[in-house]
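Everything below concerns the one structure shown next.
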Amino acid sequence: MHVRHVVLIMSVWKERLSNARKLMAKNGIDVLVLYEAENLQYLSGVTDPTLHTCGTIVLPIDGKPTIIVLWQDIEVARKESQIQDIVGARCTESAKQRKVAEVLREFSAPGVTVGVDYLDFTEFETLKTSFQSTSPNAKFIDASDMLSMLRLIKSNEETKFLRKAAEISDCGMEAAVRALRVGATELEVAAEAEYEMKKKGSWELKHPTLVASGKRTLWIHPYASEKRIEKNDLVVIDLGAVYGGYCSDICRTCVVGSSNRIQEDLFNAVLEAQSTAFNVLKEGTTIRTISEVVREVFKKRGYAKYFPSLIGHFIGLQIEEEPMIMPKNADIEFKPNTVVSLFQSSVFEPKAGGVRLEDMALVTKTKSEVLTHYPREFIKI
């Protein structure tokens, strides 16, 4: 078996197609055109990177689905894909989009609505122009959020992959912390973490590794840089592994030297808020409830103005999956067998820096089970 091939059982595949078609009917979509690697894996079983990069699925609400791949990849698709109708396309992007439009025409009808998960502007215009030359009344809509909802509930097999990805990211965090020292660059710390995760079986890095020290902890997306760690620097490390296509996410805050009182106090507020959120998280809990208990902790500790609006996200084949855990989604209830990551945002205090703490948890009927196990304390080197 290919080392990166995950076998998608026929019965599971058929159930996923059925669920996809129910959502298509609900959203008025006649046919889906899918380009995202995560949707290709979920709805066909393909995991090879070349198929993820260049493959496309055309899924009608009625009729057989088709997978379009570059002609050199047909044999790989035959080995991996549950979709038996395989069409080869030439290598140029315009030729591929014309081939997609050609396949799409088999399902065209007056006023057909086509759902697309992602395309850049040029690719989208090529597809739209090619298809509308024979179906001028065709309507194109964004189906990305719908596909995230399709993938929201995780099977036992998916949960196994997420657990393994979490285990690998724990190893990555351990390696990163071990590499912390005065004079080390952020890139060196990130490299040790990424090397360890690859050795432990991580397929790739869908999560760019963040290592921020000193004032860079106040940045929103502080990807590892050439900055050297200085004495008494606060250091934030945020990373994730991928196993079986499924992602993990973990973040820790460290200090290389001595911390100050504000940093200690702010970290303890973040830790208490995260712990409180996990304690109330279970089936039926709303995003509003999570927001309220977190806000109450920050208010009690005097950090109300630093309350992060983006608390977290769901996680699976993508590192961040909809719906995001934030105020606009307040009424959404958590469902069992979903996996979430809390906290998404830093808590910034100019005198302390940016403090972050993030862990994954599986939502069950009665509780949440935290999947990342690296110690959650304020790490001091």
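The way I read the labels, and the way they are meant: chains A, B, ... in the order of the structure tokens, residue 1 as the first residue of every chain, and ligand 1 as the first ligand shown, with later ones counted on from there.
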
Worksheet item: Skipping near chain neighbours, those fewer than 6 positions away, what residues fall within 9 Å of segment 305-310 of chain A using only C-alpha atoms, listed as a ChimeraX atom specification?
Response: /A:291,294-295,298-299,324-327,343-349

Item to complete: Tell me which protein, DNA and RNA residues are within 8 Å of segment 172-175 of chain A, counting only C-alpha atoms, leaving out same-chain ones fewer than 6 positions away, and put them as a VMD selection string.
Response: chain A and resid 192 to 197 237 239 to 240 250 374

For C-alpha atoms, I'd like the residues from the last selection saved as a PDB file, in the first residue's frame.
ATOM      1  CA  GLU A 192      13.644  21.308  15.171  1.00  0.00           C
ATOM      2  CA  ALA A 193       9.881  21.039  15.670  1.00  0.00           C
ATOM      3  CA  GLU A 194       9.158  20.380  11.994  1.00  0.00           C
ATOM      4  CA  TYR A 195      11.969  17.829  11.699  1.00  0.00           C
ATOM      5  CA  GLU A 196      10.683  15.925  14.717  1.00  0.00           C
ATOM      6  CA  MET A 197       7.112  15.897  13.412  1.00  0.00           C
ATOM      7  CA  ILE A 237       5.247  28.480  19.647  1.00  0.00           C
ATOM      8  CA  LEU A 239       2.452  24.393  15.308  1.00  0.00           C
ATOM      9  CA  GLY A 240       0.586  21.429  13.880  1.00  0.00           C
ATOM     10  CA  ILE A 250      -1.178  23.267  19.553  1.00  0.00           C
ATOM     11  CA  TYR A 374       1.980  18.583  26.128  1.00  0.00           C
TER      12      TYR A 374
END

Worksheet item: Which of these residues is nearest to Lys282 of chain A, using only C-alpha atoms: A:Leu266, A:Val339, A:Ile311, A:Val256?
Response: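 Closest to Lys282 of chain A of all the choices is A:Val339.
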
Worksheet, complete the sentence: For Val280 of chain A, the closest of A:Val363, A:Leu234, A:Ile315, A:Met146 counting only C-alpha atoms is A:Val363

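Minimum atom-to-atom distances from A:Val177, A:Leu162, A:Ala138, A:Val242 to Glu204 of chain A were compared using only C-alpha atoms, and the lowest value belongs to A:Val242.
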
Fill in: Residues within 12 Å of Val100 of chain A, only C-alpha atoms, excluding chain neighbours under 3 positions, as a ChimeraX atom specification
/A:32-35,54-59,66-70,86-90,93-97,103-107,116,123-124,126-131

Would you save the residues of that selection, restricted to C-alpha atoms, as a CSV table (one decimal), in the first residue's frame?
chain,number,residue,atom,x,y,z
A,32,LEU,CA,-20.5,20.5,-7.5
A,33,VAL,CA,-17.1,21.2,-9.0
A,34,LEU,CA,-14.5,20.5,-6.3
A,35,TYR,CA,-10.8,21.5,-6.4
A,54,CYS,CA,-4.2,18.9,-10.1
A,55,GLY,CA,-7.4,16.9,-9.5
A,56,THR,CA,-11.0,18.0,-9.8
A,57,ILE,CA,-14.3,16.3,-9.0
A,58,VAL,CA,-17.6,16.9,-10.8
A,59,LEU,CA,-20.4,15.7,-8.6
A,66,THR,CA,-16.3,12.1,-12.4
A,67,ILE,CA,-12.8,12.8,-11.3
A,68,ILE,CA,-10.6,14.8,-13.7
A,69,VAL,CA,-6.8,14.4,-13.4
A,70,LEU,CA,-3.7,15.2,-15.5
A,86,ILE,CA,-11.7,9.1,-14.6
A,87,VAL,CA,-11.0,11.7,-17.3
A,88,GLY,CA,-7.5,12.8,-18.3
A,89,ALA,CA,-6.6,16.4,-19.1
A,90,ARG,CA,-3.6,18.1,-20.5
A,93,GLU,CA,-4.5,25.2,-16.5
A,94,SER,CA,-6.7,26.5,-19.3
A,95,ALA,CA,-6.8,23.0,-20.9
A,96,LYS,CA,-7.8,21.5,-17.6
A,97,GLN,CA,-10.6,24.0,-17.0
A,103,VAL,CA,-17.5,17.1,-18.3
A,104,LEU,CA,-19.8,19.6,-16.7
A,105,ARG,CA,-21.9,20.0,-19.9
A,106,GLU,CA,-23.1,16.4,-19.5
A,107,PHE,CA,-25.1,17.7,-16.5
A,116,VAL,CA,-17.5,25.6,-6.6
A,123,GLU,CA,-9.1,29.7,-13.2
A,124,PHE,CA,-12.7,30.6,-12.3
A,126,THR,CA,-11.7,30.2,-17.7
A,127,LEU,CA,-14.2,27.6,-16.3
A,128,LYS,CA,-17.1,30.0,-16.3
A,129,THR,CA,-16.4,31.3,-19.9
A,130,SER,CA,-16.0,27.7,-21.2
A,131,PHE,CA,-19.1,26.4,-19.6

Worksheet item: Using the chain letters and numbers from this document, which residues of segment 139-190 of chain A does DSSP assign to helix (DSSP H, G or I), as a PyMOL selection string?
Response: chain A and resi 144-150+156-179+186-190

Worksheet entry | Selected residue of minimal separation from Gly244 of chain A among A:Val46, A:Val211, A:Met24, A:Ile74, counting only C-alpha atoms |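 Between A:Val46, A:Val211, A:Met24, A:Ile74, the residue approaching Gly244 of chain A most closely is A:Val46.
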
Fill in: Spatial neighbours of Gly257 of chain A, max dist 7 Å, only C-alpha atoms, sep filter under 2 positions, as a VMD selection string
chain A and resid 231 to 232 255 259 380 to 381

Selected residues, C-alpha atoms, written as a PDB file, in the first residue's frame, please.
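For reference, selection09.pdb as written:
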ATOM      1  CA  LYS A 231      17.379  36.792  27.654  1.00  0.00           C
ATOM      2  CA  ASN A 232      13.960  37.073  29.353  1.00  0.00           C
ATOM      3  CA  VAL A 255       9.931  32.454  28.713  1.00  0.00           C
ATOM      4  CA  SER A 259       9.018  36.310  33.573  1.00  0.00           C
ATOM      5  CA  LYS A 380      10.250  28.505  31.774  1.00  0.00           C
ATOM      6  CA  ILE A 381      13.671  27.786  30.298  1.00  0.00           C
TER       7      ILE A 381
END

Discussion item. If I take atom CA of Glu322 of chain A and atom CA of Cys251 of chain A, how far is one from the other in Å, to one decimal?
Written reply: 20.1 Å

Item to complete: Looking only at strand (DSSP E or B) from DSSP on the backbone, list the matching residues of segment 15-218 of chain A as a VMD selection string.
Response: chain A and resid 31 to 34 56 to 60 66 to 70 85 to 89 113 to 116 139 to 142 185 210 to 213

Item to complete: Work out how far atom CA of Thr47 of chain A is from atom CA of Ser202 of chain A, in Å to one decimal.
Response: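 Rounded to one decimal, the two atoms are 13.7 Å apart.
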
Item to complete: Mind giving me the straight-line distance from atom CA of Val6 of chain A to atom CA of Val370 of chain A in Å, one decimal?
Response: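 Separating atom CA of Val6 of chain A from atom CA of Val370 of chain A is a distance of 24.7 Å.
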
Item to complete: Name the residues in contact with Asp249 of chain A at a cut-off of 9 Å, using only C-alpha atoms, excluding same-chain residues fewer than 6 positions from it; report them as a ChimeraX atom specification.
Response: /A:165-166,169,207,238-241,315,319,341,358-360,372
